[in-house]
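What's in upload32.txt: compact mmCIF, C-alpha atoms
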```
# COMPACT_ATOMS: atom_id res chain seq x y z
CA ILE A 1 -3.77 -56.05 -3.05
CA SER A 2 -6.97 -55.03 -4.85
CA ARG A 3 -7.84 -52.49 -2.13
CA TYR A 4 -4.38 -50.91 -2.51
CA ILE A 5 -4.71 -50.75 -6.30
CA GLY A 6 -8.15 -49.16 -5.92
CA THR A 7 -6.78 -46.63 -3.45
CA THR A 8 -4.01 -45.55 -5.80
CA ARG A 9 -6.68 -44.68 -8.39
CA MET A 10 -8.60 -42.42 -6.02
CA ALA A 11 -8.23 -38.75 -5.19
CA GLY A 12 -6.00 -37.86 -2.30
CA ILE A 13 -2.51 -38.64 -1.16
CA ILE A 14 -0.82 -41.75 0.15
CA GLN A 15 1.54 -41.66 3.10
CA GLU A 16 3.87 -44.66 3.27
CA TYR A 17 4.96 -46.10 6.59
CA ARG A 18 8.18 -48.12 6.46
CA ASP A 19 10.11 -50.42 8.69
CA VAL A 20 13.43 -48.56 8.68
CA GLU A 21 15.50 -51.66 9.43
CA ALA A 22 14.00 -53.80 6.64
CA ASN A 23 13.27 -50.79 4.39
CA LYS A 24 9.86 -52.26 3.55
CA VAL A 25 6.48 -50.59 3.42
CA ILE A 26 4.48 -51.88 6.38
CA ALA A 27 1.37 -49.74 5.87
CA ILE A 28 -0.13 -46.88 3.93
CA ALA A 29 -2.47 -44.12 4.98
CA HIS A 30 -4.75 -42.79 2.25
CA GLU A 31 -5.91 -39.23 2.90
CA VAL A 32 -8.58 -37.36 0.97
CA THR A 33 -9.61 -33.75 1.56
CA LYS A 34 -12.91 -32.63 0.04
CA GLY A 35 -15.11 -29.77 1.08
CA LYS A 36 -14.55 -29.12 4.78
CA THR A 37 -13.56 -32.71 5.61
CA ILE A 38 -10.33 -34.67 5.64
CA ARG A 39 -10.70 -38.45 5.64
CA GLY A 40 -8.21 -41.18 6.41
CA GLN A 41 -8.14 -44.88 5.72
CA TRP A 42 -5.40 -47.38 6.43
CA PHE A 43 -3.99 -50.50 4.84
CA TYR A 44 -1.45 -52.79 6.50
CA ALA A 45 1.01 -55.17 4.84
CA THR A 46 0.82 -57.70 7.71
CA ASP A 47 -1.03 -58.31 10.96
CA ASP A 48 2.15 -57.34 12.80
CA ALA A 49 2.23 -54.00 10.96
CA SER A 50 -1.25 -53.19 12.27
CA LYS A 51 0.18 -53.24 15.80
CA ARG A 52 2.96 -50.72 15.14
CA PHE A 53 1.08 -47.50 15.97
CA VAL A 54 0.67 -46.36 12.35
CA TRP A 55 -2.99 -45.52 12.99
CA PHE A 56 -2.13 -43.32 15.97
CA HIS A 57 0.55 -41.39 14.10
CA SER A 58 -1.64 -40.94 11.04
CA VAL A 59 -4.68 -39.78 13.04
CA HIS A 60 -2.47 -37.36 14.97
CA GLU A 61 -1.23 -35.87 11.69
CA LEU A 62 -4.77 -35.64 10.24
CA VAL A 63 -6.06 -33.83 13.32
CA LYS A 64 -3.03 -31.54 13.42
CA ARG A 65 -3.60 -30.51 9.79
CA ALA A 66 -7.34 -30.06 10.32
CA ILE A 67 -6.65 -27.71 13.24
CA ALA A 68 -4.10 -25.76 11.22
CA GLU A 69 -6.37 -25.28 8.20
CA ASP A 70 -9.22 -22.80 8.60
CA ASP A 71 -11.40 -24.47 5.99
CA ILE A 72 -11.38 -27.99 7.53
CA ASP A 73 -14.03 -28.71 10.18
CA VAL A 74 -14.09 -32.51 10.42
CA VAL A 75 -11.67 -35.44 10.46
CA ASP A 76 -13.50 -38.51 9.17
CA LEU A 77 -11.88 -41.78 10.23
CA GLY A 78 -14.16 -43.81 7.99
CA PRO A 79 -16.27 -46.82 8.88
CA SER A 80 -15.04 -48.88 11.78
CA GLY A 81 -15.71 -52.33 10.42
CA SER A 82 -15.85 -53.79 13.92
CA ASP A 83 -17.01 -52.99 17.43
CA ALA A 84 -13.41 -53.17 18.64
CA PHE A 85 -12.35 -50.44 16.24
CA SER A 86 -15.36 -48.30 17.22
CA GLU A 87 -14.28 -48.69 20.85
CA LEU A 88 -10.70 -47.72 19.98
CA LYS A 89 -11.90 -44.56 18.24
CA SER A 90 -14.19 -43.60 21.13
CA ARG A 91 -11.39 -44.18 23.65
CA TYR A 92 -9.50 -41.34 21.95
CA GLY A 93 -12.44 -38.96 21.69
CA PHE A 94 -13.88 -39.81 18.28
CA VAL A 95 -17.63 -40.23 18.10
CA SER A 96 -19.20 -42.90 15.91
CA VAL A 97 -21.77 -41.21 13.66
CA ALA A 98 -24.41 -43.16 11.75
CA ASP A 99 -25.58 -40.20 9.64
CA TRP A 100 -22.14 -38.93 8.57
CA PRO A 101 -23.40 -36.44 5.93
CA GLU A 102 -25.04 -34.61 8.84
CA VAL A 103 -21.58 -34.01 10.36
CA ALA A 104 -18.97 -34.29 7.61
CA ASP A 105 -19.30 -31.64 4.89
CA TYR A 106 -17.97 -33.23 1.71
CA LEU A 107 -19.56 -30.59 -0.53
CA GLY A 108 -17.01 -28.58 -2.44
CA ASP A 109 -13.81 -29.27 -4.28
CA PHE A 110 -11.18 -31.90 -3.70
CA LYS A 111 -8.03 -30.38 -2.29
CA HIS A 112 -5.01 -31.74 -4.07
CA ALA A 113 -1.46 -32.24 -2.94
CA GLU A 114 0.93 -29.41 -3.70
CA GLY A 115 2.00 -29.47 -7.34
CA VAL A 116 -1.14 -31.21 -8.58
CA ASP A 117 -3.16 -28.93 -10.83
CA LYS A 118 -6.81 -29.63 -9.93
CA GLY A 119 -6.25 -33.32 -10.69
CA LYS A 120 -5.46 -32.68 -14.37
CA LYS A 121 -1.81 -33.61 -14.02
CA GLY A 122 -2.10 -35.81 -10.96
CA LEU A 123 0.25 -38.55 -9.95
CA ASN A 124 -2.00 -41.25 -11.43
CA LEU A 125 -5.10 -39.88 -13.13
CA GLY A 126 -4.37 -37.24 -15.72
CA MET A 127 -0.82 -38.23 -16.62
CA PHE A 128 -2.05 -40.40 -19.48
CA GLU A 129 -4.19 -37.59 -20.90
CA GLY A 130 -1.20 -35.24 -20.60
CA LEU A 131 0.69 -37.33 -23.14
CA PHE A 132 -1.74 -36.27 -25.85
CA GLU A 133 -1.71 -32.52 -25.22
```

Kindly return the structure encoded in the file as structure tokens.
Amino acid sequence: ISRYIGTTRMAGIIQEYRDVEANKVIAIAHEVTKGKTIRGQWFYATDDASKRFVWFHSVHELVKRAIAEDDIDVVDLGPSGSDAFSELKSRYGFVSVADWPEVADYLGDFKHAEGVDKGKKGLNLGMFEGLFE
């Protein structure tokens, strides 16, 4: 739970993945776009949820958006955490990079979700300050 709470306090957007029959969140994808890089990270509600192809769908969407946007050069899938995950990434064409700043350009502004004014009136951070304006 603490990783989820931390994620909701960070820049970026959260995509929920739900089990439509149970109407429960099974996983979230946290996406951050900064500079010329879009990064994804994933959190699963259960071990079973991690086997339901959320990662594949989310990575597909990240890559699709990166291709569509002229100012995005890199999709960063974050640290692998295990050799098995590194192997999964490489099986689908993603290269493991030790010196990621050499490849992923994070210099530049955060890109916010539509309707968020440079983070000042964001979904989490900034709303509190807005009460006192």

Two-atom distance - CA of Glu16 in chain A, CA of Pro79 in chain A (Å): 21.0 Å

Pick from A:Gly6, A:Ser80, A:Phe85, A:Ala22 nearest to Ala98 in chain A, counting all atoms listed in the file: A:Ser80

Residues within 12 Å of (-21.2, -40.4, 14.0), counting only C-alpha atoms, listed as a list in words: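 Those residues, ordered by chain and then number, are Val74, Val75, Asp76, Leu77, Gly78, Pro79, Ser80, Ser86, Lys89, Ser90, Gly93, Phe94, Val95, Ser96, Val97, Ala98, Asp99, Trp100, Pro101, Glu102, Val103 and Ala104 of chain A.
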
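Distances from A:Thr33, A:Asn23, A:Thr7, A:Gln15 to Gly108 in chain A were compared using all atoms listed in the file, and the smallest one belongs to A:Thr33.
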
Of the listed residues A:Glu31, A:Asp105, A:Asp83, A:Asp70, that which approaches Ser58 in chain A most closely, counting all atoms listed in the file: A:Glu31

Among the residues A:Trp55, A:Asp47, A:Lys111, A:Arg65, the one that comes closest to Leu88 in chain A [using only C-alpha atoms]: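 Going through A:Trp55, A:Asp47, A:Lys111, A:Arg65 one by one, the smallest distance to Leu88 in chain A is for A:Trp55.
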
A:Gly35, A:Thr8, A:Lys24, A:Asp109 ranked by distance to Ile72 in chain A, top pick (using only C-alpha atoms):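 Closest to Ile72 in chain A, using only C-alpha atoms: A:Gly35.
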
Within-10 Å shell of (0.2, -55.7, 4.4) in input frame, all atoms listed in the file, as a PyMOL selection string: chain A and resi 1+4+25-28+43-50

Using only C-alpha atoms: which of A:Ile38, A:Ala29, A:Ala84, A:Ile13 has the shortest distance to His57 in chain A: A:Ala29

Pairwise distance for CA of Glu21 in chain A and CA of Phe56 in chain A, rounded to one decimal in Å: 20.6 Å

Atomic separation - CA of Tyr106 in chain A relative to CA of Lys34 in chain A, Å: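 Result for CA of Lys34 in chain A versus CA of Tyr106 in chain A: 5.4 Å, one decimal.
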
Polymer residues at most 8 Å from Ala11 in chain A, all atoms listed in the file, same-chain spacing of 2 or more positions, as an MDAnalysis selection string: chainID A and resid 9 13 32 110 112 119

Go ahead and fit an axis-aligned box to every listed atom of range 18-27 of chain A plus 8 Å each side, and pass me the centre and edge lengths in Å, one decimal, as JSON.
```
{"center_x": 8.4, "center_y": -51.0, "center_z": 6.4, "size_x": 30.1, "size_y": 21.7, "size_z": 22.0}
```
